[in-house]
$ cat target_31.pdb   # PDB, C-alpha atoms and all ligand atoms
ATOM      1  CA  MET J  25      22.541  45.358 121.274
ATOM      2  CA  LYS J  26      24.972  46.175 118.502
ATOM      3  CA  LYS J  27      25.461  42.483 117.941
ATOM      4  CA  VAL J  28      21.741  41.857 117.784
ATOM      5  CA  VAL J  29      21.376  44.601 115.199
ATOM      6  CA  SER J  30      24.202  43.216 113.120
ATOM      7  CA  VAL J  31      22.827  39.673 113.317
ATOM      8  CA  LEU J  32      19.431  41.012 112.324
ATOM      9  CA  LEU J  33      20.976  42.895 109.433
ATOM     10  CA  THR J  34      22.803  39.805 108.265
ATOM     11  CA  VAL J  35      19.586  37.787 108.393
ATOM     12  CA  LEU J  36      17.732  40.487 106.527
ATOM     13  CA  MET J  37      20.383  40.813 103.868
ATOM     14  CA  THR J  38      20.673  37.081 103.363
ATOM     15  CA  GLY J  39      16.904  36.914 103.157
ATOM     16  CA  THR J  40      16.881  39.611 100.510
ATOM     17  CA  LEU J  41      19.610  37.859  98.591
ATOM     18  CA  LEU J  42      17.712  34.597  98.713
ATOM     19  CA  VAL J  43      14.546  36.242  97.485
ATOM     20  CA  CYS J  44      16.475  37.983  94.727
ATOM     21  CA  THR J  45      18.049  34.884  93.275
ATOM     22  CA  GLY J  46      14.543  34.414  91.920
ATOM     23  CA  CYS J  47      14.222  38.040  90.774
ATOM     24  CA  GLY J  48      16.653  37.810  87.914
ATOM     25  CA  ALA J  49      15.426  34.437  86.780
ATOM     26  CA  LYS J  50      12.363  35.501  84.812
ATOM     27  CA  LYS J  51      13.437  35.398  81.201
ATOM     28  CA  GLN J  52      13.119  38.452  79.071
ATOM     29  CA  LEU J  53      11.387  38.871  75.748
ATOM     30  CA  VAL J  54      12.912  41.756  73.838
ATOM     31  CA  MET J  55      10.730  43.728  71.439
ATOM     32  CA  ALA J  56      12.449  45.981  68.908
ATOM     33  CA  THR J  57      10.342  48.933  67.867
ATOM     34  CA  ASN J  58      10.418  52.565  66.772
ATOM     35  CA  ALA J  59       8.198  54.481  69.169
ATOM     36  CA  GLU J  60       7.349  57.231  66.691
ATOM     37  CA  PHE J  61       4.316  55.553  65.206
ATOM     38  CA  PRO J  62       1.109  56.506  67.002
ATOM     39  CA  PRO J  63      -1.241  54.818  67.849
ATOM     40  CA  TYR J  64       0.824  51.613  67.492
ATOM     41  CA  GLU J  65       3.860  52.748  69.507
ATOM     42  CA  TYR J  66       4.662  56.168  70.883
ATOM     43  CA  HIS J  67       5.998  57.927  73.937
ATOM     44  CA  GLU J  68       3.631  58.972  76.658
ATOM     45  CA  GLY J  69       5.685  60.720  79.320
ATOM     46  CA  GLU J  70       8.352  58.227  80.386
ATOM     47  CA  ASN J  71       6.555  55.247  78.886
ATOM     48  CA  ILE J  72       6.215  53.661  75.487
ATOM     49  CA  VAL J  73       2.571  52.759  74.898
ATOM     50  CA  GLY J  74       0.259  51.758  72.054
ATOM     51  CA  ILE J  75      -1.510  48.870  70.354
ATOM     52  CA  ASP J  76       1.711  46.988  69.549
ATOM     53  CA  VAL J  77       2.971  47.346  73.122
ATOM     54  CA  GLU J  78      -0.205  45.753  74.469
ATOM     55  CA  ILE J  79       0.011  42.931  71.938
ATOM     56  CA  ALA J  80       3.666  42.408  72.906
ATOM     57  CA  GLN J  81       2.684  42.244  76.577
ATOM     58  CA  ALA J  82       0.125  39.531  75.786
ATOM     59  CA  ILE J  83       2.828  37.558  73.963
ATOM     60  CA  ALA J  84       5.208  37.967  76.912
ATOM     61  CA  ASP J  85       2.471  36.641  79.192
ATOM     62  CA  GLU J  86       1.976  33.678  76.860
ATOM     63  CA  VAL J  87       5.707  32.936  76.944
ATOM     64  CA  GLY J  88       5.952  33.633  80.679
ATOM     65  CA  ALA J  89       8.597  36.285  80.157
ATOM     66  CA  GLU J  90       9.179  39.884  81.113
ATOM     67  CA  LEU J  91       8.668  42.282  78.202
ATOM     68  CA  VAL J  92      11.611  44.549  77.432
ATOM     69  CA  ILE J  93      11.141  47.309  74.844
ATOM     70  CA  GLU J  94      14.116  48.434  72.765
ATOM     71  CA  ASP J  95      13.342  51.705  71.001
ATOM     72  CA  MET J  96      15.496  52.165  67.885
ATOM     73  CA  ALA J  97      15.560  53.628  64.363
ATOM     74  CA  PHE J  98      12.928  51.960  62.167
ATOM     75  CA  ASP J  99      15.498  50.657  59.704
ATOM     76  CA  SER J 100      17.438  48.901  62.512
ATOM     77  CA  ILE J 101      14.521  46.780  63.698
ATOM     78  CA  LEU J 102      14.835  43.868  61.268
ATOM     79  CA  THR J 103      18.622  43.747  61.699
ATOM     80  CA  ALA J 104      18.121  43.568  65.472
ATOM     81  CA  VAL J 105      15.753  40.618  64.991
ATOM     82  CA  GLN J 106      18.089  38.891  62.513
ATOM     83  CA  SER J 107      21.099  39.234  64.800
ATOM     84  CA  GLY J 108      19.192  38.043  67.854
ATOM     85  CA  LYS J 109      19.635  41.379  69.641
ATOM     86  CA  ALA J 110      15.834  41.412  69.832
ATOM     87  CA  ASP J 111      13.452  38.453  69.937
ATOM     88  CA  MET J 112      10.722  40.106  67.899
ATOM     89  CA  GLY J 113      10.101  43.198  65.815
ATOM     90  CA  ILE J 114       6.733  44.812  66.526
ATOM     91  CA  ALA J 115       6.408  48.169  64.831
ATOM     92  CA  GLY J 116       3.404  48.273  62.552
ATOM     93  CA  LEU J 117       5.622  46.158  60.303
ATOM     94  CA  THR J 118       4.171  45.403  56.881
ATOM     95  CA  ILE J 119       4.759  41.930  55.485
ATOM     96  CA  THR J 120       6.723  42.243  52.232
ATOM     97  CA  GLU J 121       8.413  39.694  49.981
ATOM     98  CA  ASP J 122      11.774  41.380  50.544
ATOM     99  CA  ARG J 123      11.484  41.274  54.306
ATOM    100  CA  LEU J 124      10.431  37.617  54.175
ATOM    101  CA  GLN J 125      13.899  36.867  52.793
ATOM    102  CA  ASN J 126      15.402  38.021  56.087
ATOM    103  CA  VAL J 127      12.869  37.307  58.839
ATOM    104  CA  ASP J 128       9.793  35.198  59.493
ATOM    105  CA  PHE J 129       6.450  36.897  60.032
ATOM    106  CA  SER J 130       3.578  35.895  62.298
ATOM    107  CA  ASN J 131      -0.018  35.821  61.140
ATOM    108  CA  SER J 132      -1.252  39.312  60.452
ATOM    109  CA  TYR J 133      -2.942  41.232  63.283
ATOM    110  CA  ALA J 134      -3.988  44.391  61.416
ATOM    111  CA  ILE J 135      -4.776  45.789  57.987
ATOM    112  CA  ALA J 136      -3.315  49.146  57.043
ATOM    113  CA  THR J 137      -3.038  51.390  54.011
ATOM    114  CA  GLN J 138      -0.437  53.812  52.772
ATOM    115  CA  VAL J 139      -1.916  57.276  52.388
ATOM    116  CA  ILE J 140      -0.747  60.626  51.146
ATOM    117  CA  ILE J 141      -0.698  63.716  53.367
ATOM    118  CA  VAL J 142      -0.630  67.097  51.626
ATOM    119  CA  ASN J 143      -1.135  70.725  52.525
ATOM    120  CA  GLN J 144      -4.785  71.778  52.688
ATOM    121  CA  ASP J 145      -4.589  73.791  49.435
ATOM    122  CA  SER J 146      -2.550  71.215  47.487
ATOM    123  CA  ALA J 147      -3.664  70.160  43.988
ATOM    124  CA  ILE J 148      -2.561  66.576  44.715
ATOM    125  CA  ASP J 149      -5.676  64.396  44.979
ATOM    126  CA  ASP J 150      -4.545  61.020  43.758
ATOM    127  CA  PRO J 151      -1.375  58.893  43.861
ATOM    128  CA  ASP J 152      -1.107  59.591  40.100
ATOM    129  CA  ASP J 153      -0.567  63.294  40.859
ATOM    130  CA  LEU J 154       2.733  62.564  42.629
ATOM    131  CA  GLY J 155       4.916  62.344  39.494
ATOM    132  CA  GLY J 156       7.760  64.865  39.560
ATOM    133  CA  LYS J 157       6.966  65.943  43.131
ATOM    134  CA  THR J 158       9.136  66.028  46.225
ATOM    135  CA  ILE J 159       7.943  63.350  48.612
ATOM    136  CA  GLY J 160       8.755  62.952  52.291
ATOM    137  CA  VAL J 161       8.905  59.447  53.790
ATOM    138  CA  GLN J 162      10.264  57.643  56.801
ATOM    139  CA  LEU J 163      13.505  55.869  55.938
ATOM    140  CA  GLY J 164      13.117  52.173  55.168
ATOM    141  CA  THR J 165       9.321  52.047  55.365
ATOM    142  CA  THR J 166       6.977  50.752  52.698
ATOM    143  CA  GLY J 167       6.119  54.413  52.016
ATOM    144  CA  ASP J 168       9.789  54.859  51.082
ATOM    145  CA  ILE J 169       9.644  51.801  48.810
ATOM    146  CA  TYR J 170       6.496  53.023  46.994
ATOM    147  CA  ALA J 171       7.917  56.510  46.563
ATOM    148  CA  GLU J 172      10.821  54.962  44.659
ATOM    149  CA  ASP J 173       8.411  53.823  41.950
ATOM    150  CA  ILE J 174       6.958  57.280  41.334
ATOM    151  CA  GLU J 175       8.188  58.798  38.129
ATOM    152  CA  ASP J 176      10.658  61.681  38.469
ATOM    153  CA  ALA J 177       9.899  62.081  42.147
ATOM    154  CA  THR J 178      12.504  63.418  44.557
ATOM    155  CA  ILE J 179      12.469  61.471  47.805
ATOM    156  CA  GLU J 180      13.370  63.088  51.118
ATOM    157  CA  ARG J 181      13.958  60.464  53.797
ATOM    158  CA  TYR J 182      13.529  61.193  57.502
ATOM    159  CA  ASN J 183      14.213  59.109  60.598
ATOM    160  CA  LYS J 184      10.781  59.754  62.064
ATOM    161  CA  GLY J 185       7.444  59.955  60.278
ATOM    162  CA  PHE J 186       6.693  63.150  62.140
ATOM    163  CA  GLU J 187       9.836  64.790  60.732
ATOM    164  CA  ALA J 188       8.460  64.177  57.239
ATOM    165  CA  VAL J 189       5.191  65.817  58.303
ATOM    166  CA  GLN J 190       7.132  68.797  59.690
ATOM    167  CA  ALA J 191       8.904  69.121  56.349
ATOM    168  CA  LEU J 192       5.468  69.245  54.690
ATOM    169  CA  LEU J 193       4.297  71.941  57.102
ATOM    170  CA  GLN J 194       7.415  73.931  56.176
ATOM    171  CA  ASN J 195       6.778  73.364  52.450
ATOM    172  CA  LYS J 196      10.054  71.491  52.057
ATOM    173  CA  VAL J 197       8.162  68.556  50.505
ATOM    174  CA  ASP J 198       4.922  68.420  48.470
ATOM    175  CA  ALA J 199       3.510  65.276  50.055
ATOM    176  CA  VAL J 200       4.200  62.598  52.652
ATOM    177  CA  ILE J 201       3.518  58.892  52.110
ATOM    178  CA  ILE J 202       2.821  57.159  55.385
ATOM    179  CA  ASP J 203       0.589  54.564  57.089
ATOM    180  CA  ASN J 204      -3.044  55.602  57.580
ATOM    181  CA  GLU J 205      -3.322  55.502  61.369
ATOM    182  CA  PRO J 206      -0.248  57.620  62.186
ATOM    183  CA  ALA J 207      -1.349  59.889  59.301
ATOM    184  CA  LYS J 208      -4.654  60.495  61.068
ATOM    185  CA  VAL J 209      -2.875  61.319  64.325
ATOM    186  CA  PHE J 210      -0.435  63.735  62.638
ATOM    187  CA  VAL J 211      -3.222  65.487  60.701
ATOM    188  CA  GLU J 212      -5.267  65.828  63.862
ATOM    189  CA  GLN J 213      -2.324  67.337  65.738
ATOM    190  CA  ASN J 214      -1.397  69.854  63.030
ATOM    191  CA  GLU J 215      -3.448  72.428  61.234
ATOM    192  CA  GLY J 216      -3.330  73.045  57.496
ATOM    193  CA  ILE J 217      -2.761  69.480  56.265
ATOM    194  CA  ARG J 218      -5.113  66.767  55.004
ATOM    195  CA  ILE J 219      -5.141  63.134  53.900
ATOM    196  CA  VAL J 220      -5.811  62.520  50.203
ATOM    197  CA  ASP J 221      -8.994  60.441  49.874
ATOM    198  CA  LYS J 222      -7.560  57.987  47.398
ATOM    199  CA  GLU J 223      -5.240  55.631  49.226
ATOM    200  CA  PHE J 224      -2.168  53.979  47.879
ATOM    201  CA  THR J 225      -2.059  50.313  48.853
ATOM    202  CA  VAL J 226      -3.452  47.866  51.354
ATOM    203  CA  GLU J 227      -0.950  46.151  53.636
ATOM    204  CA  GLU J 228      -0.874  43.683  56.506
ATOM    205  CA  TYR J 229       0.956  44.208  59.779
ATOM    206  CA  ALA J 230       2.663  41.257  61.436
ATOM    207  CA  ILE J 231       5.342  40.464  63.987
ATOM    208  CA  ALA J 232       8.858  39.612  62.819
ATOM    209  CA  VAL J 233      10.974  36.901  64.444
ATOM    210  CA  LYS J 234      14.380  35.486  63.556
ATOM    211  CA  LYS J 235      14.246  33.129  60.597
ATOM    212  CA  GLY J 236      13.682  29.595  61.808
ATOM    213  CA  ASN J 237      12.608  30.527  65.344
ATOM    214  CA  SER J 238       9.471  28.429  65.000
ATOM    215  CA  ASP J 239       9.139  27.975  68.752
ATOM    216  CA  LEU J 240       8.621  31.697  69.338
ATOM    217  CA  LEU J 241       6.631  32.124  66.125
ATOM    218  CA  GLU J 242       4.176  29.491  67.317
ATOM    219  CA  LYS J 243       3.739  31.265  70.659
ATOM    220  CA  VAL J 244       3.319  34.621  68.943
ATOM    221  CA  ASN J 245       0.635  33.200  66.651
ATOM    222  CA  LYS J 246      -1.079  31.552  69.586
ATOM    223  CA  ALA J 247      -1.134  34.839  71.517
ATOM    224  CA  ILE J 248      -2.530  36.688  68.470
ATOM    225  CA  GLU J 249      -5.206  34.022  68.011
ATOM    226  CA  LYS J 250      -6.221  34.239  71.664
ATOM    227  CA  LEU J 251      -6.393  38.031  71.455
ATOM    228  CA  GLN J 252      -8.561  37.820  68.346
ATOM    229  CA  GLU J 253     -10.899  35.133  69.612
ATOM    230  CA  SER J 254     -11.466  36.665  73.029
ATOM    231  CA  GLY J 255     -12.246  40.072  71.532
ATOM    232  CA  LYS J 256      -9.300  41.544  73.474
ATOM    233  CA  LEU J 257      -7.539  42.685  70.311
ATOM    234  CA  GLN J 258     -10.579  44.701  69.281
ATOM    235  CA  GLU J 259     -10.705  46.185  72.787
ATOM    236  CA  ILE J 260      -7.064  47.264  72.513
ATOM    237  CA  VAL J 261      -7.649  48.767  69.059
ATOM    238  CA  ASP J 262     -10.762  50.613  70.264
ATOM    239  CA  LYS J 263      -8.810  52.045  73.183
ATOM    240  CA  TYR J 264      -6.297  53.663  70.840
ATOM    241  CA  ILE J 265      -8.329  54.279  67.677
ATOM    242  CA  LYS J 266     -11.532  56.174  68.184
ATOM    243  CA  ALA J 267     -14.324  55.294  65.771
ATOM    244  CA  GLU J 268     -14.936  57.990  63.201
TER     245      GLU J 268
HETATM  246  N1  LIG L   1       4.147  49.821  57.803
HETATM  247  C1  LIG L   1       5.316  50.510  57.388
HETATM  248  C2  LIG L   1       6.419  49.535  57.139
HETATM  249  O1  LIG L   1       6.375  48.426  57.611
HETATM  250  C3  LIG L   1       5.759  51.586  58.378
HETATM  251  C4  LIG L   1       6.045  51.089  59.754
HETATM  252  C5  LIG L   1       6.604  52.152  60.699
HETATM  253  O2  LIG L   1       6.938  53.259  60.283
HETATM  254  N2  LIG L   1       6.732  51.834  61.949
HETATM  255  O3  LIG L   1       7.365  49.852  56.498
END
$ encode --input "target_31.pdb" --output "structure tokens" --more "lines below"
Ligand code: GLN
Amino acid sequence: MKKVVSVLLTVLMTGTLLVCTGCGAKKQLVMATNAEFPPYEYHEGENIVGIDVEIAQAIADEVGAELVIEDMAFDSILTAVQSGKADMGIAGLTITEDRLQNVDFSNSYAIATQVIIVNQDSAIDDPDDLGGKTIGVQLGTTGDIYAEDIEDATIERYNKGFEAVQALLQNKVDAVIIDNEPAKVFVEQNEGIRIVDKEFTVEEYAIAVKKGNSDLLEKVNKAIEKLQESGKLQEIVDKYIKAE
């Protein structure tokens, strides 16, 4: 009996091993992101979810790979892509001339704006009112770059957009410059703050890949095109952004 059991066990184990040689074979597609940017990428319980995550999953399906999400500081994302630590950066990333020196960008999949969040009773009502003010931004974002151009402004840089908003709630800064969609989420979640009507700039979000990785870039663009043409992209956006 013992022998039978042990033979059975051996068969089972070998079987499992055989099956599992295939398990590890599926290649991985690593996405670098900063999951502090609702509704594009944020934590929901144990998971990282959002518009970008669903787009990344569609790309992984296109490539036939398993999607792996690496959550990191925003200003590490492009370095991770450049060094090959990640295959693609998907993080509500705005295409800029500077960034194009270091990475390649896909076709754009979303339009965004930079907006200003202030306290409800603030006198700031226009980007021109920001001169000489203390401005909170997320380190390394386009909001950070624009703040640098504001005359006599003091810039406070935070690792997470929400930390900048907290600083505003505590009156440590006069305004926060941040992307419009996360701004809406933060304003909805916190009382006493509002978005200034006049927006700053219009930007385009795209996916970053290592310079010269045209093979992946082509697949990324193909996946984006499919998502756009099938109406799936709009479905994803509608799931995360409720119409006003
Ligand atoms: N769109 C902004 C940028 O690319 C902010 C992105 C983010 O904070 N995830 O800099």
$ closest_atom_pairs --input "target_31.pdb" --of "segment 142-219 of chain J" --to "segment 121-128 of chain J" --cutoff "12 Å" --atoms "all atoms listed in the file" --output "Markdown table"
| residue | atom | partner | partner_atom | distance |
| --- | --- | --- | --- | --- |
| J:Gly164 | CA | J:Arg123 | CA | 11.1 |
| J:Thr165 | CA | J:Arg123 | CA | 11.0 |
| J:Thr166 | CA | J:Arg123 | CA | 10.6 |
| J:Ile169 | CA | J:Asp122 | CA | 10.8 |
$ axis_aligned_box --input "target_31.pdb" --around "ligand LIG 1 (chain L)" --padding-each-side "3 Å" --output "JSON"
{"center_x": 5.8, "center_y": 50.8, "center_z": 59.2, "size_x": 9.2, "size_y": 10.8, "size_z": 11.5}
$ resolve_selection --input "target_31.pdb" --expression "the PyMOL selection byres (((chain J and resi 113) around 7) and not hetatm)" --output "list in words"
Met55, Ala56, Thr57, Ile101, Leu102, Val105, Met112, Ile114, Ala115, Ile231, Ala232 and Val233 of chain J
$ residues_near_ligand --input "target_31.pdb" --ligand "ligand LIG 1 (chain L)" --cutoff "8 Å" --atoms "all atoms listed in the file" --output "PyMOL selection string"
chain J and resi 57-61+98+115-119+136+138+162+164-168+184-185+202-203+227+229
$ resolve_selection --input "target_31.pdb" --expression "the PyMOL selection byres (((chain J and resi 171-180) around 8) and not hetatm)" --output "PyMOL selection string"
chain J and resi 154-161+167-170+181-182+188+197+201
$ residues_around --input "target_31.pdb" --residues "segment 256-264 of chain J" --least-positions-apart "3" --cutoff "9 Å" --atoms "all atoms listed in the file" --output "list in words"
Pro62, Pro63, Tyr64, Gly74, Ile75, Glu78, Ile79, Tyr133, Ile248, Lys250, Leu251, Gln252, Glu253 and Ala267 of chain J
$ resolve_selection --input "target_31.pdb" --expression "the PyMOL selection byres (((chain J and resi 143) around 10) and not hetatm)" --output "PyMOL selection string"
chain J and resi 141-142+144-148+189+192-195+197-200+211+215-220
$ residues_near_point --input "target_31.pdb" --point "(-6.7, 56.7, 45.0)" --cutoff "9 Å" --atoms "all atoms listed in the file" --output "list in words"
Val139, Asp149, Asp150, Pro151, Asp152, Val220, Asp221, Lys222, Glu223, Phe224 and Thr225 of chain J
$ closest_residue --input "target_31.pdb" --among "J:Glu249, J:Asp95, J:Glu187, J:Glu65" --to "Ala82 of chain J" --atoms "only C-alpha atoms"
J:Glu249
$ decode --input "target_31.pdb" --residues "segment 232-247 of chain J" --atoms "C-alpha atoms" --output "PDB file, in the first residue's frame"
ATOM      1  CA  ALA J 232       6.586  55.396 -22.917  1.00  0.00           C
ATOM      2  CA  VAL J 233       8.862  52.635 -24.206  1.00  0.00           C
ATOM      3  CA  LYS J 234      12.641  52.356 -24.381  1.00  0.00           C
ATOM      4  CA  LYS J 235      14.121  54.419 -27.190  1.00  0.00           C
ATOM      5  CA  GLY J 236      14.351  52.323 -30.324  1.00  0.00           C
ATOM      6  CA  ASN J 237      12.052  49.526 -29.132  1.00  0.00           C
ATOM      7  CA  SER J 238       9.968  49.827 -32.283  1.00  0.00           C
ATOM      8  CA  ASP J 239       8.705  46.258 -32.011  1.00  0.00           C
ATOM      9  CA  LEU J 240       6.911  46.952 -28.730  1.00  0.00           C
ATOM     10  CA  LEU J 241       5.924  50.469 -29.791  1.00  0.00           C
ATOM     11  CA  GLU J 242       4.170  49.040 -32.834  1.00  0.00           C
ATOM     12  CA  LYS J 243       2.243  46.556 -30.685  1.00  0.00           C
ATOM     13  CA  VAL J 244       1.326  49.263 -28.192  1.00  0.00           C
ATOM     14  CA  ASN J 245       0.014  51.495 -30.980  1.00  0.00           C
ATOM     15  CA  LYS J 246      -1.887  48.596 -32.482  1.00  0.00           C
ATOM     16  CA  ALA J 247      -3.523  47.813 -29.128  1.00  0.00           C
TER      17      ALA J 247
END
